[in-house]
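Peer 1: Starting off with a structure, shown below.
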Amino acid sequence: RKSLVGSEMCIRDRCRAESDRLAEILARSGLVTLPDAELRMRERPSCPRPQRFSTEYLVDREARSGTYFLGGPPSRGGDEALASLRWGCFEQTWGGSHLFAFAAKDSGWRLPRRFCAAASLTGAWSIYFRDRLGRMGLLEPEEWLQNLLSKRGAIERGLLDLDLHMGEIEESEARVRLADLPRSDATDLVRIARHPGDALAGVIGWLLLVKARKQEEARIGAGFDERAFHDGLLGYGTIPLPLILEQELGSDLCQEIAA
């Protein structure tokens with residue numbers, strides 16, 4: 001028992017160190033401004049949020065902190081565990097939920113994306129963010145390869161989401177298609193089934209983000225500041241991406257991007 005506890009503490013320490021390293025990378029990257037909020041890491045409790053199927057990250061906005069729950073591969077230790085944690089940190093913490101929770105304006109915190117055009121900034125951010133990290137040379141070659149595979153997986157999940165909820169396929173075929181995707185597990189089908197349109201909205205949002213950045217680069221030229229561009233998008237919170245782009249870039253440019 002003492003040996004097990006000591007091993008778990010060692011894993012958590014390594015995870016915290018890796019998280020700090022990632023934060024330093026992002027702080028230097030020029031991609032985005034990290035929130036002034038503490039990130040906590042702990043072992044996943046048996047049921048951190050009973051009303052949901054599962055959770056990897058919880059936000060406490062009043063205390064200006066967020067907790068990333070370690071589970072799955074990170075709990076086993078080793079280099080593979082740290083690689084898995086690295087993606088988790090990019091998706092759920094420094095590159096995802098943590099960033100959204102504390103950059104978002106209060107007015108946009110819980111506004112459903114369904115109010116406009118079904119394109120999600122929340123779901124799109126991890127795909128887009130990984131792409132930018134890789135293109136800036138901030139990812140190791142193995143991670144960049146995994147990034148490309150995950151991006152393909154995101155597109156396939158979006159198509160699966162569409163087919164499943166349009167009644168084009170049954171659950172059995174959905175399971176077969178998911179089994180062939182990178183970084184896929186049994187909970188993916190539950191998430192897709194419980195949140196119709198989310199996987200597809202993430203892919204559409206990612207494409208909109210890429211298009212919007214290219215448009216702004218062409219319009220502004222050498223003075224384009226990618227960090228300011230990202231900070232502006234995140235500052236609107238988790239409201240629908242078309243609304244964010246309209247507020248940030250103007251309605252004419254937003255219509256051009258959407259077209």
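Labels for the structure tokens follow display order: chains A, B, ..., residues from 1 in each chain, ligands from 1.
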Taking the backbone alone, and naming residues the way the document does, which bits of region 86-187 of chain A are alpha helix (DSSP H) by DSSP, as a PyMOL selection string?
Peer 2: chain A and resi 86-92+97-103+121-135+141-165+171-179+187
Peer 1: Save out the residues we just selected, C-alpha atoms, as a compact mmCIF listing (two decimals), in the first residue's frame.
Peer 2:
```txt
# COMPACT_ATOMS: atom_id res chain seq x y z
CA ARG A 86 0.45 16.02 -23.08
CA TRP A 87 -2.50 15.67 -25.44
CA GLY A 88 -4.87 15.83 -22.50
CA CYS A 89 -3.31 19.08 -21.35
CA PHE A 90 -3.61 20.61 -24.79
CA GLU A 91 -7.25 19.50 -25.15
CA GLN A 92 -8.57 20.02 -21.63
CA SER A 97 -11.30 24.08 -21.18
CA HIS A 98 -8.90 25.93 -18.88
CA LEU A 99 -8.25 28.60 -21.49
CA PHE A 100 -11.94 28.99 -22.33
CA ALA A 101 -13.08 29.11 -18.73
CA PHE A 102 -10.94 32.08 -17.77
CA ALA A 103 -10.64 33.98 -21.05
CA LEU A 121 -15.52 27.13 -31.17
CA THR A 122 -15.21 24.81 -28.17
CA GLY A 123 -15.02 21.65 -30.24
CA ALA A 124 -12.95 23.25 -32.98
CA TRP A 125 -10.26 24.72 -30.77
CA SER A 126 -8.33 21.54 -29.98
CA ILE A 127 -8.15 20.54 -33.66
CA TYR A 128 -7.11 24.02 -34.75
CA PHE A 129 -4.73 24.55 -31.83
CA ARG A 130 -2.83 21.32 -32.41
CA ASP A 131 -2.50 22.24 -36.07
CA ARG A 132 -0.96 25.61 -35.17
CA LEU A 133 1.38 24.04 -32.61
CA GLY A 134 2.67 21.57 -35.17
CA ARG A 135 3.11 24.14 -37.91
CA PRO A 141 7.82 14.58 -34.86
CA GLU A 142 5.94 11.73 -33.21
CA GLU A 143 3.41 14.17 -31.76
CA TRP A 144 2.99 15.90 -35.11
CA LEU A 145 2.18 12.53 -36.72
CA GLN A 146 -0.33 11.80 -33.97
CA ASN A 147 -1.78 15.25 -34.57
CA LEU A 148 -2.40 14.49 -38.24
CA LEU A 149 -4.02 11.16 -37.37
CA SER A 150 -6.20 12.80 -34.74
CA LYS A 151 -7.30 15.45 -37.23
CA ARG A 152 -8.37 12.74 -39.65
CA GLY A 153 -10.15 11.07 -36.75
CA ALA A 154 -11.99 14.30 -35.94
CA ILE A 155 -13.27 14.56 -39.52
CA GLU A 156 -14.40 10.93 -39.52
CA ARG A 157 -16.18 11.43 -36.17
CA GLY A 158 -17.97 14.43 -37.65
CA LEU A 159 -19.17 12.34 -40.60
CA LEU A 160 -20.16 9.53 -38.26
CA ASP A 161 -22.10 12.02 -36.12
CA LEU A 162 -23.99 13.19 -39.23
CA ASP A 163 -24.76 9.70 -40.51
CA LEU A 164 -25.85 8.40 -37.11
CA HIS A 165 -28.27 11.23 -36.38
CA GLU A 171 -25.22 1.49 -33.87
CA SER A 172 -23.41 -1.67 -35.00
CA GLU A 173 -21.96 0.04 -38.08
CA ALA A 174 -21.06 3.11 -36.00
CA ARG A 175 -19.04 0.89 -33.65
CA VAL A 176 -17.16 -0.67 -36.57
CA ARG A 177 -16.29 2.74 -38.03
CA LEU A 178 -15.14 4.06 -34.65
CA ALA A 179 -12.88 1.06 -34.10
CA THR A 187 -17.03 6.15 -24.70
```
Peer 1: Report as a PDB file with N, CA and C atoms, in the first residue's frame: the residues of region 2-225 of chain A with a DSSP assignment of strand (DSSP E), based on the backbone of this structure.
Peer 2:
```pdb
ATOM      1  N   GLU A  38      -4.867  29.036 -11.521  1.00  0.00           N
ATOM      2  CA  GLU A  38      -4.130  27.849 -11.124  1.00  0.00           C
ATOM      3  C   GLU A  38      -4.711  26.604 -11.781  1.00  0.00           C
ATOM      4  N   LEU A  39      -3.821  25.709 -12.215  1.00  0.00           N
ATOM      5  CA  LEU A  39      -4.235  24.406 -12.727  1.00  0.00           C
ATOM      6  C   LEU A  39      -3.858  23.334 -11.711  1.00  0.00           C
ATOM      7  N   ARG A  40      -4.854  22.579 -11.247  1.00  0.00           N
ATOM      8  CA  ARG A  40      -4.603  21.500 -10.298  1.00  0.00           C
ATOM      9  C   ARG A  40      -4.724  20.163 -11.017  1.00  0.00           C
ATOM     10  N   MET A  41      -3.974  19.176 -10.557  1.00  0.00           N
ATOM     11  CA  MET A  41      -4.029  17.845 -11.145  1.00  0.00           C
ATOM     12  C   MET A  41      -4.223  16.835 -10.026  1.00  0.00           C
ATOM     13  N   ARG A  42      -5.149  15.909 -10.221  1.00  0.00           N
ATOM     14  CA  ARG A  42      -5.402  14.902  -9.195  1.00  0.00           C
ATOM     15  C   ARG A  42      -5.937  13.634  -9.844  1.00  0.00           C
ATOM     16  N   GLU A  43      -5.887  12.527  -9.084  1.00  0.00           N
ATOM     17  CA  GLU A  43      -6.454  11.276  -9.572  1.00  0.00           C
ATOM     18  C   GLU A  43      -7.966  11.423  -9.710  1.00  0.00           C
ATOM     19  N   TYR A  57     -12.182  17.406 -16.700  1.00  0.00           N
ATOM     20  CA  TYR A  57     -11.765  18.727 -16.255  1.00  0.00           C
ATOM     21  C   TYR A  57     -12.936  19.445 -15.595  1.00  0.00           C
ATOM     22  N   LEU A  58     -12.672  20.050 -14.455  1.00  0.00           N
ATOM     23  CA  LEU A  58     -13.698  20.826 -13.751  1.00  0.00           C
ATOM     24  C   LEU A  58     -13.168  22.225 -13.451  1.00  0.00           C
ATOM     25  N   VAL A  59     -14.031  23.213 -13.603  1.00  0.00           N
ATOM     26  CA  VAL A  59     -13.651  24.610 -13.426  1.00  0.00           C
ATOM     27  C   VAL A  59     -14.256  25.164 -12.146  1.00  0.00           C
ATOM     28  N   ASP A  60     -13.445  25.905 -11.401  1.00  0.00           N
ATOM     29  CA  ASP A  60     -13.946  26.668 -10.258  1.00  0.00           C
ATOM     30  C   ASP A  60     -13.599  28.127 -10.535  1.00  0.00           C
ATOM     31  N   SER A  65      -9.404  28.654 -10.453  1.00  0.00           N
ATOM     32  CA  SER A  65      -8.617  27.431 -10.594  1.00  0.00           C
ATOM     33  C   SER A  65      -9.402  26.424 -11.407  1.00  0.00           C
ATOM     34  N   GLY A  66      -8.698  25.430 -11.899  1.00  0.00           N
ATOM     35  CA  GLY A  66      -9.325  24.332 -12.614  1.00  0.00           C
ATOM     36  C   GLY A  66      -8.611  23.044 -12.264  1.00  0.00           C
ATOM     37  N   THR A  67      -9.332  21.943 -12.242  1.00  0.00           N
ATOM     38  CA  THR A  67      -8.754  20.648 -11.884  1.00  0.00           C
ATOM     39  C   THR A  67      -8.794  19.713 -13.083  1.00  0.00           C
ATOM     40  N   TYR A  68      -7.647  19.184 -13.459  1.00  0.00           N
ATOM     41  CA  TYR A  68      -7.541  18.183 -14.513  1.00  0.00           C
ATOM     42  C   TYR A  68      -7.440  16.824 -13.851  1.00  0.00           C
ATOM     43  N   PHE A  69      -8.402  15.927 -14.139  1.00  0.00           N
ATOM     44  CA  PHE A  69      -8.416  14.604 -13.520  1.00  0.00           C
ATOM     45  C   PHE A  69      -7.588  13.634 -14.339  1.00  0.00           C
ATOM     46  N   LEU A  70      -6.588  13.056 -13.695  1.00  0.00           N
ATOM     47  CA  LEU A  70      -5.752  12.075 -14.359  1.00  0.00           C
ATOM     48  C   LEU A  70      -6.485  10.745 -14.388  1.00  0.00           C
TER      49      LEU A  70
END
```
Peer 1: So which one's closest to Ile204 (chain A), A:Ile257, A:Leu138, A:Ala104, A:Ile169? Using only C-alpha atoms, please.
Peer 2: A:Ile257
Peer 1: Applying 12 Å and only C-alpha atoms, which residues near region 207-219 of chain A remain after dropping the ones on its own chain fewer than 2 positions away? List them as a ChimeraX atom specification.
Peer 2: /A:117-129,131-132,151,154-155,200-205,221-230,232-234,240-246,248-250,252-259
Peer 1: In Å, rounded to a single decimal, give me how far CA of Leu26 (chain A) is from CA of Arg61 (chain A).
Peer 2: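 Straight-line distance from CA of Arg61 (chain A) to CA of Leu26 (chain A) works out to 21.6 Å.
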Peer 1: Between CA of Met166 (chain A) and CA of Thr55 (chain A), what is the distance, to one decimal in Å?
Peer 2: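 We find that CA of Met166 (chain A) and CA of Thr55 (chain A) lie 27.1 Å from each other.
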Peer 1: Of the candidates A:Pro35, A:Gly137, A:Gly235, A:Pro196, which one gets nearest to Gly167 (chain A) if we count only C-alpha atoms?
Peer 2: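 Closest to Gly167 (chain A), using only C-alpha atoms: A:Pro196.
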Peer 1: How many Å separate CA of Leu31 (chain A) from CA of Met136 (chain A)?
Peer 2: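 Going from CA of Leu31 (chain A) over to CA of Met136 (chain A) covers 9.3 Å.
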